[in-house]
file coords-v9.pdb (PDB, C-alpha atoms, pLDDT in the B column)
ATOM      1  CA  MET C   1     -20.777  44.422  68.056  1.00 45.00           C
ATOM      2  CA  VAL C   2     -17.430  42.676  67.792  1.00 45.00           C
ATOM      3  CA  PRO C   3     -17.362  39.999  65.051  1.00 47.00           C
ATOM      4  CA  SER C   4     -16.930  36.529  66.409  1.00 49.00           C
ATOM      5  CA  PRO C   5     -13.639  34.891  65.409  1.00 47.00           C
ATOM      6  CA  ALA C   6     -13.816  32.408  62.537  1.00 47.00           C
ATOM      7  CA  THR C   7     -13.726  28.787  63.519  1.00 46.00           C
ATOM      8  CA  PRO C   8     -10.914  26.556  62.236  1.00 45.00           C
ATOM      9  CA  SER C   9     -13.356  24.640  60.044  1.00 45.00           C
ATOM     10  CA  SER C  10     -14.413  27.785  58.170  1.00 46.00           C
ATOM     11  CA  PHE C  11     -10.794  28.418  57.217  1.00 42.00           C
ATOM     12  CA  ALA C  12     -10.150  24.759  56.351  1.00 45.00           C
ATOM     13  CA  ARG C  13     -12.643  24.570  53.479  1.00 51.00           C
ATOM     14  CA  PRO C  14     -11.236  27.362  51.262  1.00 49.00           C
ATOM     15  CA  VAL C  15      -7.698  26.334  52.096  1.00 46.00           C
ATOM     16  CA  ALA C  16      -8.382  22.705  51.155  1.00 50.00           C
ATOM     17  CA  THR C  17     -10.146  23.761  47.952  1.00 52.00           C
ATOM     18  CA  ALA C  18      -7.273  26.003  46.956  1.00 50.00           C
ATOM     19  CA  ALA C  19      -4.772  23.243  47.673  1.00 50.00           C
ATOM     20  CA  LEU C  20      -6.719  20.770  45.527  1.00 50.00           C
ATOM     21  CA  ALA C  21      -6.945  23.255  42.649  1.00 51.00           C
ATOM     22  CA  ALA C  22      -3.217  23.916  42.838  1.00 50.00           C
ATOM     23  CA  ALA C  23      -2.467  20.197  42.808  1.00 49.00           C
ATOM     24  CA  CYS C  24      -4.625  19.729  39.715  1.00 48.00           C
ATOM     25  CA  LEU C  25      -2.837  22.549  37.937  1.00 46.00           C
ATOM     26  CA  LEU C  26       0.539  21.048  38.784  1.00 46.00           C
ATOM     27  CA  LEU C  27      -0.496  17.589  37.610  1.00 47.00           C
ATOM     28  CA  GLY C  28      -1.884  19.066  34.376  1.00 49.00           C
ATOM     29  CA  GLY C  29      -4.514  16.382  33.891  1.00 48.00           C
ATOM     30  CA  CYS C  30      -7.354  17.111  36.290  1.00 47.00           C
ATOM     31  CA  THR C  31     -10.736  18.375  35.228  1.00 48.00           C
ATOM     32  CA  LEU C  32     -13.895  18.825  37.228  1.00 47.00           C
ATOM     33  CA  GLY C  33     -15.839  15.605  37.039  1.00 49.00           C
ATOM     34  CA  GLY C  34     -12.910  13.343  36.069  1.00 52.00           C
ATOM     35  CA  SER C  35      -9.608  13.090  34.215  1.00 64.00           C
ATOM     36  CA  SER C  36      -9.686  13.685  30.448  1.00 75.00           C
ATOM     37  CA  SER C  37      -6.215  12.197  30.053  1.00 84.00           C
ATOM     38  CA  VAL C  38      -7.252   8.923  31.685  1.00 85.00           C
ATOM     39  CA  SER C  39     -10.312   8.736  29.416  1.00 86.00           C
ATOM     40  CA  ALA C  40      -8.160   9.292  26.331  1.00 85.00           C
ATOM     41  CA  GLN C  41      -5.745   6.591  27.472  1.00 87.00           C
ATOM     42  CA  ASN C  42      -8.632   4.167  27.959  1.00 88.00           C
ATOM     43  CA  ASP C  43      -9.938   4.914  24.460  1.00 87.00           C
ATOM     44  CA  GLU C  44      -6.497   4.348  22.986  1.00 88.00           C
ATOM     45  CA  LEU C  45      -6.165   1.079  24.904  1.00 89.00           C
ATOM     46  CA  ARG C  46      -9.512  -0.135  23.581  1.00 90.00           C
ATOM     47  CA  ARG C  47      -8.481   0.708  20.009  1.00 90.00           C
ATOM     48  CA  THR C  48      -5.190  -1.160  20.467  1.00 92.00           C
ATOM     49  CA  VAL C  49      -6.949  -4.230  21.864  1.00 92.00           C
ATOM     50  CA  ALA C  50      -9.455  -4.219  18.980  1.00 90.00           C
ATOM     51  CA  SER C  51      -6.647  -3.916  16.419  1.00 90.00           C
ATOM     52  CA  GLN C  52      -4.684  -6.751  18.008  1.00 92.00           C
ATOM     53  CA  ARG C  53      -7.798  -8.943  18.130  1.00 88.00           C
ATOM     54  CA  ALA C  54      -8.389  -8.348  14.412  1.00 87.00           C
ATOM     55  CA  GLU C  55      -4.773  -9.282  13.643  1.00 88.00           C
ATOM     56  CA  ILE C  56      -5.064 -12.459  15.719  1.00 92.00           C
ATOM     57  CA  ASP C  57      -8.312 -13.430  13.964  1.00 84.00           C
ATOM     58  CA  ALA C  58      -6.651 -12.899  10.568  1.00 79.00           C
ATOM     59  CA  LEU C  59      -3.658 -15.044  11.559  1.00 86.00           C
ATOM     60  CA  VAL C  60      -5.909 -17.815  12.868  1.00 82.00           C
ATOM     61  CA  ALA C  61      -7.965 -17.761   9.634  1.00 72.00           C
ATOM     62  CA  ALA C  62      -4.796 -17.940   7.512  1.00 76.00           C
ATOM     63  CA  ARG C  63      -3.464 -20.812   9.617  1.00 83.00           C
ATOM     64  CA  ASP C  64      -6.719 -22.758   9.332  1.00 74.00           C
ATOM     65  CA  GLU C  65      -6.833 -22.182   5.569  1.00 68.00           C
ATOM     66  CA  LEU C  66      -3.291 -23.494   5.131  1.00 71.00           C
ATOM     67  CA  SER C  67      -4.107 -26.500   7.290  1.00 71.00           C
ATOM     68  CA  ALA C  68      -7.161 -27.239   5.144  1.00 63.00           C
ATOM     69  CA  LYS C  69      -5.097 -26.987   1.955  1.00 65.00           C
ATOM     70  CA  LEU C  70      -2.426 -29.349   3.286  1.00 64.00           C
ATOM     71  CA  GLU C  71      -5.054 -31.827   4.427  1.00 67.00           C
ATOM     72  CA  ALA C  72      -6.804 -31.659   1.045  1.00 65.00           C
ATOM     73  CA  ALA C  73      -3.515 -32.217  -0.760  1.00 65.00           C
ATOM     74  CA  SER C  74      -2.753 -35.282   1.366  1.00 63.00           C
ATOM     75  CA  ARG C  75      -6.154 -36.802   0.585  1.00 66.00           C
ATOM     76  CA  GLN C  76      -6.271 -35.881  -3.085  1.00 69.00           C
ATOM     77  CA  ALA C  77      -5.571 -39.399  -4.254  1.00 69.00           C
ATOM     78  CA  ASN C  78      -8.557 -40.682  -2.277  1.00 76.00           C
ATOM     79  CA  VAL C  79     -11.130 -38.096  -3.366  1.00 76.00           C
ATOM     80  CA  SER C  80     -14.333 -39.678  -4.624  1.00 80.00           C
ATOM     81  CA  PRO C  81     -15.542 -38.986  -8.178  1.00 79.00           C
ATOM     82  CA  GLU C  82     -18.697 -37.425  -6.714  1.00 85.00           C
ATOM     83  CA  ALA C  83     -16.651 -34.953  -4.665  1.00 79.00           C
ATOM     84  CA  VAL C  84     -14.587 -34.064  -7.704  1.00 74.00           C
ATOM     85  CA  ALA C  85     -17.722 -33.505  -9.796  1.00 79.00           C
ATOM     86  CA  SER C  86     -19.231 -31.335  -7.059  1.00 83.00           C
ATOM     87  CA  THR C  87     -16.183 -29.104  -6.656  1.00 83.00           C
ATOM     88  CA  PRO C  88     -16.885 -25.694  -8.220  1.00 88.00           C
ATOM     89  CA  ALA C  89     -14.437 -24.517 -10.878  1.00 91.00           C
ATOM     90  CA  VAL C  90     -14.260 -21.319 -12.916  1.00 94.00           C
ATOM     91  CA  SER C  91     -16.085 -22.009 -16.170  1.00 93.00           C
ATOM     92  CA  VAL C  92     -17.324 -18.582 -17.250  1.00 94.00           C
ATOM     93  CA  LEU C  93     -15.611 -15.201 -17.350  1.00 96.00           C
ATOM     94  CA  GLU C  94     -17.832 -12.095 -17.360  1.00 97.00           C
ATOM     95  CA  ILE C  95     -16.919  -8.407 -17.623  1.00 98.00           C
ATOM     96  CA  ASP C  96     -19.428  -6.380 -15.630  1.00 95.00           C
ATOM     97  CA  SER C  97     -21.102  -3.294 -17.094  1.00 94.00           C
ATOM     98  CA  PHE C  98     -19.521  -1.184 -14.325  1.00 94.00           C
ATOM     99  CA  SER C  99     -16.168  -1.563 -16.096  1.00 97.00           C
ATOM    100  CA  THR C 100     -15.091   1.836 -17.373  1.00 96.00           C
ATOM    101  CA  LEU C 101     -12.293   4.055 -18.602  1.00 95.00           C
ATOM    102  CA  LEU C 102     -10.678   6.397 -16.082  1.00 95.00           C
ATOM    103  CA  PRO C 103     -11.109   9.136 -15.072  1.00 94.00           C
ATOM    104  CA  LEU C 104     -14.886   8.929 -14.901  1.00 94.00           C
ATOM    105  CA  ASP C 105     -15.284  12.376 -16.456  1.00 92.00           C
ATOM    106  CA  ALA C 106     -16.286  11.551 -20.033  1.00 87.00           C
ATOM    107  CA  LYS C 107     -14.909  14.889 -21.274  1.00 88.00           C
ATOM    108  CA  ALA C 108     -11.398  14.134 -20.019  1.00 89.00           C
ATOM    109  CA  PRO C 109      -8.926  11.971 -21.981  1.00 89.00           C
ATOM    110  CA  ALA C 110      -8.820   8.388 -20.698  1.00 91.00           C
ATOM    111  CA  THR C 111      -5.635   7.491 -18.834  1.00 93.00           C
ATOM    112  CA  GLY C 112      -6.616   4.130 -17.360  1.00 95.00           C
ATOM    113  CA  VAL C 113      -9.235   1.417 -17.157  1.00 96.00           C
ATOM    114  CA  ARG C 114     -11.117  -0.128 -14.249  1.00 97.00           C
ATOM    115  CA  VAL C 115     -12.401  -3.651 -14.846  1.00 97.00           C
ATOM    116  CA  HIS C 116     -15.023  -5.522 -12.840  1.00 97.00           C
ATOM    117  CA  VAL C 117     -14.739  -9.246 -13.594  1.00 97.00           C
ATOM    118  CA  ARG C 118     -16.918 -12.098 -12.384  1.00 97.00           C
ATOM    119  CA  THR C 119     -15.621 -15.670 -12.331  1.00 96.00           C
ATOM    120  CA  LEU C 120     -18.543 -18.123 -12.431  1.00 95.00           C
ATOM    121  CA  ASP C 121     -18.800 -21.873 -12.042  1.00 93.00           C
ATOM    122  CA  GLY C 122     -20.763 -24.269 -14.229  1.00 90.00           C
ATOM    123  CA  ARG C 123     -23.997 -23.196 -12.511  1.00 91.00           C
ATOM    124  CA  ARG C 124     -23.217 -19.542 -13.184  1.00 92.00           C
ATOM    125  CA  ARG C 125     -22.560 -18.794  -9.537  1.00 94.00           C
ATOM    126  CA  PHE C 126     -19.599 -16.705  -8.443  1.00 96.00           C
ATOM    127  CA  THR C 127     -16.628 -18.754  -7.334  1.00 95.00           C
ATOM    128  CA  GLN C 128     -13.231 -17.491  -6.240  1.00 96.00           C
ATOM    129  CA  ALA C 129     -10.477 -17.834  -8.800  1.00 96.00           C
ATOM    130  CA  VAL C 130      -6.805 -18.740  -8.462  1.00 96.00           C
ATOM    131  CA  GLY C 131      -4.575 -17.894 -11.366  1.00 97.00           C
ATOM    132  CA  VAL C 132      -3.375 -15.103 -13.634  1.00 98.00           C
ATOM    133  CA  MET C 133      -5.681 -12.470 -15.112  1.00 98.00           C
ATOM    134  CA  THR C 134      -4.596 -10.115 -17.889  1.00 98.00           C
ATOM    135  CA  VAL C 135      -6.367  -6.950 -19.036  1.00 98.00           C
ATOM    136  CA  GLU C 136      -5.932  -5.491 -22.506  1.00 97.00           C
ATOM    137  CA  VAL C 137      -7.436  -2.382 -24.107  1.00 97.00           C
ATOM    138  CA  THR C 138      -7.170  -1.731 -27.849  1.00 95.00           C
ATOM    139  CA  ASP C 139      -8.479   1.128 -29.963  1.00 92.00           C
ATOM    140  CA  ALA C 140     -10.432   0.910 -33.237  1.00 91.00           C
ATOM    141  CA  ALA C 141      -7.164   0.561 -35.180  1.00 90.00           C
ATOM    142  CA  GLY C 142      -6.076  -2.411 -33.067  1.00 91.00           C
ATOM    143  CA  THR C 143      -3.380  -0.489 -31.178  1.00 92.00           C
ATOM    144  CA  THR C 144      -2.820  -1.817 -27.668  1.00 95.00           C
ATOM    145  CA  LEU C 145      -3.346   0.942 -25.092  1.00 95.00           C
ATOM    146  CA  ALA C 146      -3.180  -1.162 -21.935  1.00 95.00           C
ATOM    147  CA  ALA C 147      -1.751  -4.545 -21.032  1.00 95.00           C
ATOM    148  CA  GLY C 148      -1.887  -5.354 -17.321  1.00 95.00           C
ATOM    149  CA  ARG C 149      -1.122  -8.642 -15.583  1.00 97.00           C
ATOM    150  CA  THR C 150      -2.512  -9.658 -12.183  1.00 98.00           C
ATOM    151  CA  GLY C 151      -0.958 -12.704 -10.516  1.00 98.00           C
ATOM    152  CA  PRO C 152      -2.651 -15.094  -8.071  1.00 98.00           C
ATOM    153  CA  ALA C 153      -1.831 -13.137  -4.892  1.00 97.00           C
ATOM    154  CA  ALA C 154      -2.857  -9.766  -6.340  1.00 98.00           C
ATOM    155  CA  LEU C 155      -5.993 -11.319  -7.832  1.00 98.00           C
ATOM    156  CA  ARG C 156      -7.040 -12.570  -4.425  1.00 97.00           C
ATOM    157  CA  ASP C 157      -6.575  -9.074  -3.019  1.00 97.00           C
ATOM    158  CA  ALA C 158      -8.740  -7.708  -5.847  1.00 98.00           C
ATOM    159  CA  TYR C 159     -11.793  -9.606  -4.554  1.00 98.00           C
ATOM    160  CA  ARG C 160     -14.743  -7.329  -3.816  1.00 97.00           C
ATOM    161  CA  SER C 161     -18.207  -8.018  -2.419  1.00 95.00           C
ATOM    162  CA  SER C 162     -20.909  -5.374  -2.060  1.00 88.00           C
ATOM    163  CA  PRO C 163     -24.669  -4.925  -2.491  1.00 87.00           C
ATOM    164  CA  ALA C 164     -23.913  -4.464  -6.194  1.00 78.00           C
ATOM    165  CA  GLY C 165     -22.482  -7.995  -6.389  1.00 91.00           C
ATOM    166  CA  THR C 166     -19.304 -10.018  -5.984  1.00 96.00           C
ATOM    167  CA  HIS C 167     -16.457  -9.573  -8.425  1.00 97.00           C
ATOM    168  CA  TYR C 168     -12.768  -8.772  -8.900  1.00 98.00           C
ATOM    169  CA  THR C 169     -11.770  -5.151  -9.471  1.00 97.00           C
ATOM    170  CA  ILE C 170      -8.604  -4.556 -11.486  1.00 97.00           C
ATOM    171  CA  GLU C 171      -7.192  -1.211 -12.617  1.00 97.00           C
ATOM    172  CA  SER C 172      -4.585  -0.743 -15.328  1.00 96.00           C
ATOM    173  CA  PRO C 173      -3.038   2.448 -16.770  1.00 95.00           C
ATOM    174  CA  LEU C 174      -3.095   3.263 -20.485  1.00 94.00           C
ATOM    175  CA  THR C 175       0.175   3.747 -22.322  1.00 91.00           C
ATOM    176  CA  GLY C 176      -1.059   7.203 -23.358  1.00 82.00           C
ATOM    177  CA  PRO C 177      -4.171   9.396 -23.049  1.00 80.00           C
ATOM    178  CA  ALA C 178      -7.083   8.345 -25.250  1.00 84.00           C
ATOM    179  CA  SER C 179      -9.207  11.304 -26.259  1.00 77.00           C
ATOM    180  CA  GLY C 180     -12.254   9.461 -27.554  1.00 81.00           C
ATOM    181  CA  GLY C 181     -13.758   6.735 -29.677  1.00 89.00           C
ATOM    182  CA  ALA C 182     -14.558   3.058 -29.287  1.00 92.00           C
ATOM    183  CA  TYR C 183     -12.261   0.663 -27.444  1.00 95.00           C
ATOM    184  CA  THR C 184     -12.188  -3.075 -26.926  1.00 96.00           C
ATOM    185  CA  LEU C 185     -11.610  -4.395 -23.426  1.00 97.00           C
ATOM    186  CA  ARG C 186     -10.333  -7.959 -23.340  1.00 98.00           C
ATOM    187  CA  VAL C 187      -9.801  -9.999 -20.168  1.00 98.00           C
ATOM    188  CA  ARG C 188      -8.049 -13.371 -20.131  1.00 98.00           C
ATOM    189  CA  PHE C 189      -7.835 -15.768 -17.203  1.00 98.00           C
ATOM    190  CA  GLU C 190      -5.423 -18.687 -16.812  1.00 97.00           C
ATOM    191  CA  ASP C 191      -6.714 -21.002 -14.079  1.00 94.00           C
ATOM    192  CA  ALA C 192      -3.844 -22.262 -11.943  1.00 93.00           C
ATOM    193  CA  LEU C 193      -5.944 -25.142 -10.575  1.00 87.00           C
ATOM    194  CA  THR C 194      -7.409 -26.544 -13.783  1.00 86.00           C
ATOM    195  CA  GLY C 195      -5.113 -25.110 -16.444  1.00 89.00           C
ATOM    196  CA  ARG C 196      -8.094 -23.728 -18.370  1.00 91.00           C
ATOM    197  CA  HIS C 197      -7.870 -20.504 -20.359  1.00 94.00           C
ATOM    198  CA  LEU C 198     -10.938 -18.252 -20.463  1.00 95.00           C
ATOM    199  CA  GLU C 199     -11.526 -14.963 -22.273  1.00 97.00           C
ATOM    200  CA  ALA C 200     -14.179 -12.230 -22.307  1.00 97.00           C
ATOM    201  CA  THR C 201     -14.492  -8.965 -24.232  1.00 98.00           C
ATOM    202  CA  ARG C 202     -16.548  -5.793 -23.874  1.00 97.00           C
ATOM    203  CA  GLU C 203     -16.777  -2.574 -25.849  1.00 96.00           C
ATOM    204  CA  LEU C 204     -16.054   0.721 -24.117  1.00 95.00           C
ATOM    205  CA  THR C 205     -16.682   4.215 -25.472  1.00 91.00           C
ATOM    206  CA  ARG C 206     -15.386   7.627 -24.557  1.00 86.00           C
TER
END
call {"tool": "encode", "arguments": {"input": "coords-v9.pdb", "output": "structure tokens"}}
result
Amino acid sequence: MVPSPATPSSFARPVATAALAAACLLLGGCTLGGSSSVSAQNDELRRTVASQRAEIDALVAARDELSAKLEAASRQANVSPEAVASTPAVSVLEIDSFSTLLPLDAKAPATGVRVHVRTLDGRRRFTQAVGVMTVEVTDAAGTTLAAGRTGPAALRDAYRSSPAGTHYTIESPLTGPASGGAYTLRVRFEDALTGRHLEATRELTR
């Protein structure tokens, strides 16, 4: 029996498939079921949009805060005594028990200190602070091993809030390694808004 000649359509399918495969290879981005490069570009675009939205939100918040400060300053002369009495102000300085010498390994010589400080109002509730905070560490002989200063901008950046509580975290290096013993941690705060000076101390051991 003589085989019947192939119809044009039977040749067209493999030829079309081969042509499509070749085109995908030349383009370098085709995969069965979709384009991986297009998906990656979409993911990158979404990340860029999210980042830009976060930046815009931060700028809007900063603008609104500045506007509120300017408005408050313009009305300061007309603030009622009740409003003044109800405005929270830093009245208590507390050094949290999480404050420690660094590194955390108790067998290693101390080379720094990490301080967790809470600034509380007259009702002993945390309130944000504006001013200068200094950290000092002295040994049993009274020798100063650390003396760090944190200005208003850096203090604001040191704000932390977590399930463990709200506080400011400040780290300061020691002038030299401390091998062991008892140390006194002293934190002072100069309130830029009220002019008050507050101080707190805590003993640390190594």
call {"tool": "resolve_selection", "arguments": {"input": "coords-v9.pdb", "expression": "the PyMOL selection byres ((chain C and resi 161-172) around 12)", "output": "JSON, numbers by chain"}}
result
{"C": [93, 94, 95, 96, 97, 98, 99, 100, 101, 102, 103, 110, 111, 112, 113, 114, 115, 116, 117, 118, 119, 120, 125, 126, 127, 128, 129, 130, 132, 133, 134, 135, 136, 137, 145, 146, 147, 148, 149, 150, 151, 152, 154, 155, 156, 157, 158, 159, 160, 173, 174, 175, 176, 185, 187, 189]}
call {"tool": "atom_distance", "arguments": {"input": "coords-v9.pdb", "atom1": "CA of Arg188 in chain C", "atom2": "CA of Ala89 in chain C"}}
result
15.8 Å
call {"tool": "axis_aligned_box", "arguments": {"input": "coords-v9.pdb", "around": "range 145-163 of chain C", "padding_each_side": "3 Å", "output": "JSON"}}
result
{"center_x": -12.8, "center_y": -7.1, "center_z": -13.6, "size_x": 29.7, "size_y": 22.0, "size_z": 29.0}
call {"tool": "atom_distance", "arguments": {"input": "coords-v9.pdb", "atom1": "CA of Gly131 in chain C", "atom2": "CA of Ala200 in chain C"}}
result
15.6 Å
call {"tool": "atom_distance", "arguments": {"input": "coords-v9.pdb", "atom1": "CA of Ala58 in chain C", "atom2": "CA of Glu44 in chain C"}}
result
21.3 Å
call {"tool": "residues_around", "arguments": {"input": "coords-v9.pdb", "residues": "Ala182 in chain C", "least_positions_apart": "3", "cutoff": "7 Å", "atoms": "all atoms listed in the file", "output": "mmCIF file with C-alpha atoms, in the frame of the given file"}}
result
data_model
loop_
_atom_site.group_PDB
_atom_site.id
_atom_site.type_symbol
_atom_site.label_atom_id
_atom_site.label_comp_id
_atom_site.auth_asym_id
_atom_site.auth_seq_id
_atom_site.Cartn_x
_atom_site.Cartn_y
_atom_site.Cartn_z
ATOM 1 C CA ASP C 139 -8.479 1.128 -29.963
ATOM 2 C CA ALA C 140 -10.432 0.910 -33.237
ATOM 3 C CA GLU C 203 -16.777 -2.574 -25.849
ATOM 4 C CA LEU C 204 -16.054 0.721 -24.117
ATOM 5 C CA THR C 205 -16.682 4.215 -25.472
ATOM 6 C CA ARG C 206 -15.386 7.627 -24.557
#
call {"tool": "resolve_selection", "arguments": {"input": "coords-v9.pdb", "expression": "the PyMOL selection byres ((chain C and resi 109) around 7)", "output": "list in words"}}
result
Lys107, Ala108, Ala110, Thr111, Pro177, Ala178, Ser179 and Gly180 of chain C
call {"tool": "closest_residue", "arguments": {"input": "coords-v9.pdb", "among": "C:Thr201, C:Ser51, C:Asp121, C:Gly142", "to": "Val92 in chain C", "atoms": "all atoms listed in the file"}}
result
C:Asp121
